[in-house]
Every structure is written in structure tokens, then in C-alpha cells.
Amino acid sequence: MSEAPAIRFGVIGCAYIARKVSRAIKLAPNATLHAIGSRSIDKARRFAAANGYPEGAKVYGSYEEVLDDPEVDAVYVPLPTSLHVRWAVLAAQKGKHVLLEKPVALNASQFDEIIEACESSGVQLMDGTMWMHHPRTNQMRDFLSDANRFGQLKSIQTFFTFAADPDFLENDIRAKPDLDALGSLGDEGWYCVRAILWAANFELPKTVIASRNPVFNKAGVIMACGASLHWEDGKVATFYCSFLANLAMDITAVGTKGTLHVHDFIIPYEEKEASFFASSETGFDDLVTRWASQPSKHTVNTDLPQEVLMVREFSRLVAEIKFKNSKPEKKWPTISRKTQLVLDAVKASIEKGFEPVQIQE
């Protein structure tokens, strides 16, 4: 049997991250760059030229033209979060499958509008959390699921920080209340919360409590914050995210029998190689001067970078719908919504003076 034709992507917006995803679409074996749209035709032309768009790719001077192109199968939406609900809903209504940059919305109510539009039109929806698609993630999941090596999950700690320069802090959309009002919580906190939920098998916590003394910029956008998450069975998780601290992106998950450590979970140190550390039933030597055994390092290689694997999986799902009349995979919007619900709870706890906020599905 011949392979299905490549899924044709339209990109709406020339955001910084769109460079990386455009490259991923080019490298994915089942996808192709078909169109780029910007509010400025000149900007779209420059972006296409700088990012190696095929000679026949369409270049449009508006987002609407991309969505109206009958040959576009799917759209990648890297627009500011405040614009997601408008353009993702419109894309779905026009029958386009939606690869949506994170955070997916300003709140879960907005995201529900996007989900409803995608379900009504029978199109696939996936967010752009790339590390979920790295083969390392599956190997770490195997360790966490091993009752003998890891046991029962008890605690999770995650953080994602980077030291933004003055221009970023003043001018980046993630510092603007009208563009990405969730700031660090939406950008970095999304990854932290997703990692926590992933480690907990996507079981939502019962209660979220924001940490005191978050940092806001002069426009009232979060520059740094943290929170603790609490489950009914006693599990607890904490995270910290900041635009004001050195680059770090860690997960520590502790079980009754084992511990997982990963130090580069969002963007691996190397594009095609990633590692994690696992230990089981560790202890000290007789004199308690050293560990009896050190965590073992597990290295996972991949021929394709994680963002390409994301595009490949999304395109596979789109092809199943387009060519085999399959139904959209609900797994991805479901975990996106859970991540958004926790972000909403953190924000609500901050606004309520750091009171506990219960998660309502």
C-alpha cells in the first residue's frame, strides 16, 4: 500500500517559536509546509524565505487567507494566548485541524470553547508541549509505572526558570497583560504543571495553594511564582517558575521504592540524545559516609528531535481522520484541559490571598 499524502500545514503568525515548528514540519516525514500567514505580507515573505519554506508555499497577508485555503489540512497557531480562542475556533469551524501553542488559553472556559469547536467540526486538537513526544518520556513513564522499582508515587517537584534579558522583560508578549496575561505561569508554569500531572498519571489534585510573594511586573503580569498541589491520597507536588532566575528545568519524582531525576525535561541538553536518572531502594553504606549505590543514568537516543515527533504524531492523527474516517484522539485536548485547570487554580489562589483552591473539573 502506498503511504498517505503528507498533511499540508498552514502557519498563522510569524512568532519566534514558529521558526522551530516550521523546521519540525519540514523534517516530519508525513507533513509539509503549505502556507504562512501574517498580518503583513512582507513579514510573511521574509519569514518564509528565512525558514526554508518550499518554493510553491503560499504566502498570505492575513490569517484568514490561510484558513480559507482549501488545500490547508491543519494549522499551527503560535499567536499570543489572548488570540487563541478566536483563531483556533475559527480554524476548527473552517475544518482545519489545530496544533495550538501553549498555554492553550487564558482560562479553561476559553479552552472549552476551542474544544467544542474542534469536536463539532471533527478536527484534531493538540497542544505544542514537545517533550511529551520524546521517547525518553515513555521510558521514564515505564519506570514510574514499575511497582517493584518505583512503587507508589508520593511527591513531585518541578521547576522551569530562565533569566530573561531587560528587553524581554519590557517588550516580550509574555510580559504584556493584553497578549499573554499569564506571564511566567502560562509560559513556564505550563511545563511544570504538565510534568506534575504526567507523573501523577493525569490524576488532578484536589487542592492547589499558590506560594506567597509572587513577582509581578509593573503591568501586573506574573514574572515568577510557585504553588503546591495536594491529592486526597496524600500525594503532594510543588513547582516554581520564573523569568528572573538561571536556566533550569527539572523533575524529581519520589516513590515508596524509587526516585526519578531529570534535569533537562523541556529541551534536552542535546537534540537527539536525552538522559534521566533512576534509583531504587537506595541507602547508605555501613558507616553512613556515602550512598551504597548511585542513581543509574539512562540515555535515550532519537533520530528525530522531539518537536518533529510531535508534528509526526499530530499529522498521523490528522491522516487517520482524513483518509480513514477515524475520530479525533481525545487524549490530547483532555490533558491540555487538565493542565489549564491547574493554572487557573494557581492564579485564583494568588488572587484570593494564597488561600487553597479546589479543582473543579
# chains A, B, ... in the order shown; residues from 1 in each chain; ligands from 1
call {"tool": "select_by_dssp", "arguments": {"residues": "stretch 38-258 of chain A", "states": "alpha helix (DSSP H)", "output": "ChimeraX atom specification"}}
result
/A:41-50,63-68,84-93,108-121,135-144,166-171,183-199
call {"tool": "residues_around", "arguments": {"residues": "stretch 211-220 of chain A", "least_positions_apart": "2", "cutoff": "9 Å", "atoms": "only C-alpha atoms", "output": "number ranges by chain"}}
result
A: 169-170, 175-177, 181, 183, 209, 222-228, 240, 242, 346, 349-350, 353-354
call {"tool": "write_last_selection", "arguments": {"atoms": "all heavy atoms", "output": "compact mmCIF listing (two decimals), in the first residue's frame"}}
result
# COMPACT_ATOMS: atom_id res chain seq x y z
N LEU A 169 11.90 41.38 29.32
CA LEU A 169 11.06 41.76 30.45
C LEU A 169 10.22 43.00 30.16
O LEU A 169 9.15 43.18 30.74
CB LEU A 169 11.94 42.01 31.68
CG LEU A 169 12.69 40.78 32.21
CD1 LEU A 169 13.62 41.18 33.34
CD2 LEU A 169 11.71 39.70 32.68
N GLU A 170 10.68 43.81 29.23
CA GLU A 170 9.95 45.03 28.89
C GLU A 170 9.01 44.84 27.70
O GLU A 170 7.89 45.36 27.68
CB GLU A 170 10.95 46.15 28.58
CG GLU A 170 10.33 47.50 28.31
CD GLU A 170 9.72 48.14 29.55
OE1 GLU A 170 10.19 47.82 30.66
OE2 GLU A 170 8.77 48.94 29.40
N ALA A 175 5.22 39.41 28.72
CA ALA A 175 5.22 40.45 29.76
C ALA A 175 4.09 41.44 29.57
O ALA A 175 4.00 42.42 30.31
CB ALA A 175 6.57 41.18 29.77
N LYS A 176 3.21 41.19 28.60
CA LYS A 176 2.15 42.13 28.26
C LYS A 176 0.79 41.59 28.71
O LYS A 176 0.38 40.49 28.32
CB LYS A 176 2.13 42.35 26.74
CG LYS A 176 3.43 42.87 26.15
CD LYS A 176 3.72 44.29 26.59
CE LYS A 176 4.95 44.84 25.86
NZ LYS A 176 5.26 46.22 26.29
N PRO A 177 0.04 42.37 29.50
CA PRO A 177 -1.24 41.88 30.01
C PRO A 177 -2.31 41.67 28.94
O PRO A 177 -3.23 40.88 29.12
CB PRO A 177 -1.67 42.98 31.00
CG PRO A 177 -0.92 44.20 30.58
CD PRO A 177 0.38 43.71 30.02
N ALA A 181 -1.36 37.29 29.33
CA ALA A 181 -1.59 37.80 30.68
C ALA A 181 -1.13 36.85 31.78
O ALA A 181 -0.96 37.28 32.92
CB ALA A 181 -3.07 38.13 30.86
N GLY A 183 1.76 35.36 31.88
CA GLY A 183 3.18 35.56 32.10
C GLY A 183 3.95 34.28 32.31
O GLY A 183 3.79 33.30 31.57
N ILE A 209 -2.49 25.42 46.25
CA ILE A 209 -2.19 26.59 47.08
C ILE A 209 -1.00 27.32 46.47
O ILE A 209 0.10 26.75 46.38
CB ILE A 209 -1.86 26.19 48.54
CG1 ILE A 209 -2.97 25.33 49.14
CG2 ILE A 209 -1.64 27.44 49.39
CD1 ILE A 209 -2.61 24.73 50.49
N ILE A 222 2.61 38.17 35.89
CA ILE A 222 3.45 37.33 36.74
C ILE A 222 4.81 37.10 36.09
O ILE A 222 4.90 36.60 34.97
CB ILE A 222 2.77 35.98 37.02
CG1 ILE A 222 1.47 36.18 37.80
CG2 ILE A 222 3.71 35.04 37.78
CD1 ILE A 222 0.62 34.92 37.92
N MET A 223 5.86 37.41 36.82
CA MET A 223 7.24 37.15 36.38
C MET A 223 7.84 35.95 37.08
O MET A 223 8.79 35.34 36.58
CB MET A 223 8.12 38.38 36.64
CG MET A 223 7.71 39.64 35.87
SD MET A 223 8.07 39.54 34.08
CE MET A 223 6.42 39.16 33.44
N ALA A 224 7.32 35.60 38.25
CA ALA A 224 7.79 34.42 38.99
C ALA A 224 6.71 34.02 39.98
O ALA A 224 6.06 34.87 40.60
CB ALA A 224 9.10 34.72 39.73
N CYS A 225 6.52 32.70 40.13
CA CYS A 225 5.54 32.21 41.10
C CYS A 225 5.76 30.73 41.34
O CYS A 225 6.57 30.08 40.67
CB CYS A 225 4.10 32.46 40.63
SG CYS A 225 3.57 31.45 39.23
N GLY A 226 5.02 30.21 42.29
CA GLY A 226 5.08 28.78 42.60
C GLY A 226 3.79 28.35 43.26
O GLY A 226 2.91 29.17 43.54
N ALA A 227 3.67 27.05 43.52
CA ALA A 227 2.46 26.53 44.15
C ALA A 227 2.72 25.12 44.65
O ALA A 227 3.68 24.45 44.23
CB ALA A 227 1.28 26.54 43.17
N SER A 228 1.84 24.67 45.53
CA SER A 228 1.81 23.27 45.95
C SER A 228 0.46 22.67 45.55
O SER A 228 -0.57 23.34 45.57
CB SER A 228 2.04 23.13 47.45
OG SER A 228 1.04 23.83 48.18
N TYR A 240 7.97 25.70 40.76
CA TYR A 240 8.41 27.09 40.76
C TYR A 240 8.77 27.46 39.33
O TYR A 240 9.41 26.68 38.61
CB TYR A 240 9.62 27.29 41.66
CG TYR A 240 10.17 28.71 41.66
CD1 TYR A 240 9.46 29.74 42.27
CD2 TYR A 240 11.37 29.02 41.03
CE1 TYR A 240 9.95 31.04 42.26
CE2 TYR A 240 11.87 30.31 41.03
CZ TYR A 240 11.15 31.32 41.64
OH TYR A 240 11.62 32.61 41.63
N SER A 242 9.98 31.01 36.80
CA SER A 242 10.47 32.38 36.92
C SER A 242 11.18 32.82 35.65
O SER A 242 11.91 32.04 35.02
CB SER A 242 11.45 32.50 38.09
OG SER A 242 12.02 33.79 38.16
N VAL A 346 -4.05 27.99 40.37
CA VAL A 346 -2.91 28.73 40.91
C VAL A 346 -3.19 30.23 40.85
O VAL A 346 -3.00 30.96 41.83
CB VAL A 346 -1.61 28.41 40.14
CG1 VAL A 346 -0.46 29.29 40.63
CG2 VAL A 346 -1.25 26.94 40.29
N SER A 349 -5.74 31.18 43.43
CA SER A 349 -5.17 31.18 44.79
C SER A 349 -4.36 32.45 45.04
O SER A 349 -4.44 33.04 46.13
CB SER A 349 -4.30 29.94 44.99
OG SER A 349 -3.75 29.92 46.29
N ILE A 350 -3.60 32.89 44.05
CA ILE A 350 -2.86 34.15 44.19
C ILE A 350 -3.83 35.30 44.41
O ILE A 350 -3.64 36.12 45.32
CB ILE A 350 -2.00 34.41 42.93
CG1 ILE A 350 -0.87 33.39 42.82
CG2 ILE A 350 -1.45 35.84 42.94
CD1 ILE A 350 -0.09 33.47 41.52
N GLY A 353 -5.40 35.69 47.93
CA GLY A 353 -4.51 35.84 49.07
C GLY A 353 -3.88 34.53 49.49
O GLY A 353 -3.62 34.31 50.69
N PHE A 354 -3.62 33.65 48.54
CA PHE A 354 -2.93 32.37 48.75
C PHE A 354 -3.74 31.38 49.55
O PHE A 354 -3.21 30.52 50.24
CB PHE A 354 -1.55 32.63 49.38
CG PHE A 354 -0.81 33.75 48.70
CD1 PHE A 354 -0.73 35.01 49.29
CD2 PHE A 354 -0.26 33.57 47.44
CE1 PHE A 354 -0.10 36.06 48.65
CE2 PHE A 354 0.38 34.62 46.80
CZ PHE A 354 0.47 35.86 47.39
call {"tool": "closest_residue", "arguments": {"among": "A:Cys192, A:Leu229, A:Leu309, A:Ala4", "to": "A:Ala24", "atoms": "only C-alpha atoms"}}
result
A:Leu309
call {"tool": "closest_residue", "arguments": {"among": "A:Glu281, A:Asp344, A:Asp180, A:Glu320", "to": "A:Arg149", "atoms": "only C-alpha atoms"}}
result
A:Glu281
call {"tool": "closest_residue", "arguments": {"among": "A:Val85, A:Phe162, A:Asp127, A:Glu188", "to": "A:Ala108", "atoms": "only C-alpha atoms"}}
result
A:Val85
call {"tool": "closest_residue", "arguments": {"among": "A:Arg136, A:Arg141, A:Arg194, A:Arg19", "to": "A:Thr339", "atoms": "only C-alpha atoms"}}
result
A:Arg194
call {"tool": "residues_around", "arguments": {"residues": "A:Asn201", "least_positions_apart": "6", "cutoff": "10 Å", "atoms": "only C-alpha atoms", "output": "PyMOL selection string"}}
result
chain A and resi 141+144-145+153+195
call {"tool": "atom_distance", "arguments": {"atom1": "atom CA of A:Asp68", "atom2": "atom CA of A:Trp87"}}
result
12.3 Å
call {"tool": "residues_around", "arguments": {"residues": "A:Ala117", "least_positions_apart": "4", "cutoff": "9 Å", "atoms": "only C-alpha atoms", "output": "list in words"}}
result
Ala88, Val89, Leu90, Ala91, Ala92, Gln93, Asp112, Glu113, Ser121, Gly122 and Val123 of chain A
call {"tool": "write_last_selection", "arguments": {"atoms": "all heavy atoms", "output": "short mmCIF file (atom, residue, chain, number, x, y, z; two decimals), in the first residue's frame"}}
result
data_model
loop_
_atom_site.label_atom_id
_atom_site.label_comp_id
_atom_site.auth_asym_id
_atom_site.auth_seq_id
_atom_site.Cartn_x
_atom_site.Cartn_y
_atom_site.Cartn_z
N ALA A 88 -8.30 29.74 16.94
CA ALA A 88 -8.44 28.28 16.99
C ALA A 88 -9.89 27.88 16.71
O ALA A 88 -10.14 26.90 15.99
CB ALA A 88 -7.99 27.75 18.34
N VAL A 89 -10.84 28.63 17.25
CA VAL A 89 -12.25 28.33 16.98
C VAL A 89 -12.56 28.53 15.50
O VAL A 89 -13.21 27.69 14.86
CB VAL A 89 -13.16 29.22 17.86
CG1 VAL A 89 -14.61 29.17 17.36
CG2 VAL A 89 -13.11 28.76 19.31
N LEU A 90 -12.08 29.64 14.93
CA LEU A 90 -12.34 29.90 13.52
C LEU A 90 -11.70 28.83 12.63
O LEU A 90 -12.30 28.37 11.66
CB LEU A 90 -11.82 31.29 13.14
CG LEU A 90 -12.15 31.77 11.72
CD1 LEU A 90 -13.66 31.79 11.48
CD2 LEU A 90 -11.55 33.16 11.49
N ALA A 91 -10.48 28.41 12.99
CA ALA A 91 -9.81 27.36 12.22
C ALA A 91 -10.63 26.07 12.24
O ALA A 91 -10.83 25.43 11.20
CB ALA A 91 -8.41 27.11 12.79
N ALA A 92 -11.11 25.71 13.42
CA ALA A 92 -11.92 24.49 13.53
C ALA A 92 -13.21 24.60 12.73
O ALA A 92 -13.62 23.66 12.05
CB ALA A 92 -12.22 24.20 15.01
N GLN A 93 -13.83 25.76 12.81
CA GLN A 93 -15.08 25.96 12.07
C GLN A 93 -14.87 25.84 10.56
O GLN A 93 -15.79 25.46 9.83
CB GLN A 93 -15.68 27.32 12.41
CG GLN A 93 -16.24 27.39 13.83
CD GLN A 93 -16.65 28.80 14.23
OE1 GLN A 93 -16.24 29.80 13.61
NE2 GLN A 93 -17.45 28.91 15.28
N ASP A 112 -12.49 25.51 26.67
CA ASP A 112 -13.69 24.72 26.40
C ASP A 112 -14.36 25.15 25.09
O ASP A 112 -14.92 24.33 24.37
CB ASP A 112 -14.68 24.83 27.56
CG ASP A 112 -14.25 24.00 28.76
OD1 ASP A 112 -13.39 23.12 28.60
OD2 ASP A 112 -14.78 24.25 29.86
N GLU A 113 -14.30 26.45 24.79
CA GLU A 113 -14.84 26.93 23.51
C GLU A 113 -14.06 26.32 22.34
O GLU A 113 -14.65 25.94 21.31
CB GLU A 113 -14.77 28.45 23.44
CG GLU A 113 -15.68 29.19 24.40
CD GLU A 113 -15.60 30.69 24.21
OE1 GLU A 113 -15.68 31.14 23.05
OE2 GLU A 113 -15.41 31.41 25.21
N SER A 121 -16.58 20.11 14.65
CA SER A 121 -16.10 20.00 13.27
C SER A 121 -15.36 18.70 13.00
O SER A 121 -14.94 18.45 11.86
CB SER A 121 -15.18 21.19 12.94
OG SER A 121 -15.90 22.40 13.00
N GLY A 122 -15.16 17.90 14.05
CA GLY A 122 -14.48 16.62 13.86
C GLY A 122 -13.00 16.77 13.52
O GLY A 122 -12.44 15.96 12.78
N VAL A 123 -12.34 17.80 14.07
CA VAL A 123 -10.93 18.01 13.78
C VAL A 123 -10.08 17.71 15.00
O VAL A 123 -10.54 17.80 16.15
CB VAL A 123 -10.66 19.46 13.29
CG1 VAL A 123 -11.41 19.72 11.99
CG2 VAL A 123 -11.03 20.50 14.34
#
call {"tool": "closest_residue", "arguments": {"among": "A:Ser120, A:Thr259, A:Thr238, A:Ser82", "to": "A:Ser280", "atoms": "only C-alpha atoms"}}
result
A:Thr259
call {"tool": "closest_residue", "arguments": {"among": "A:Ala31, A:Met310, A:Val221, A:Leu99", "to": "A:Trp131", "atoms": "only C-alpha atoms"}}
result
A:Met310
call {"tool": "residues_around", "arguments": {"residues": "A:Asp250", "least_positions_apart": "6", "cutoff": "9 Å", "atoms": "only C-alpha atoms", "output": "number ranges by chain"}}
result
A: 157-160, 192, 261-266
call {"tool": "residues_around", "arguments": {"residues": "A:Gln340", "least_positions_apart": "3", "cutoff": "9 Å", "atoms": "only C-alpha atoms", "output": "JSON, numbers by chain"}}
result
{"A": [103, 104, 105, 106, 107, 108, 111, 186, 190, 193, 335, 336, 337, 343, 344, 345]}
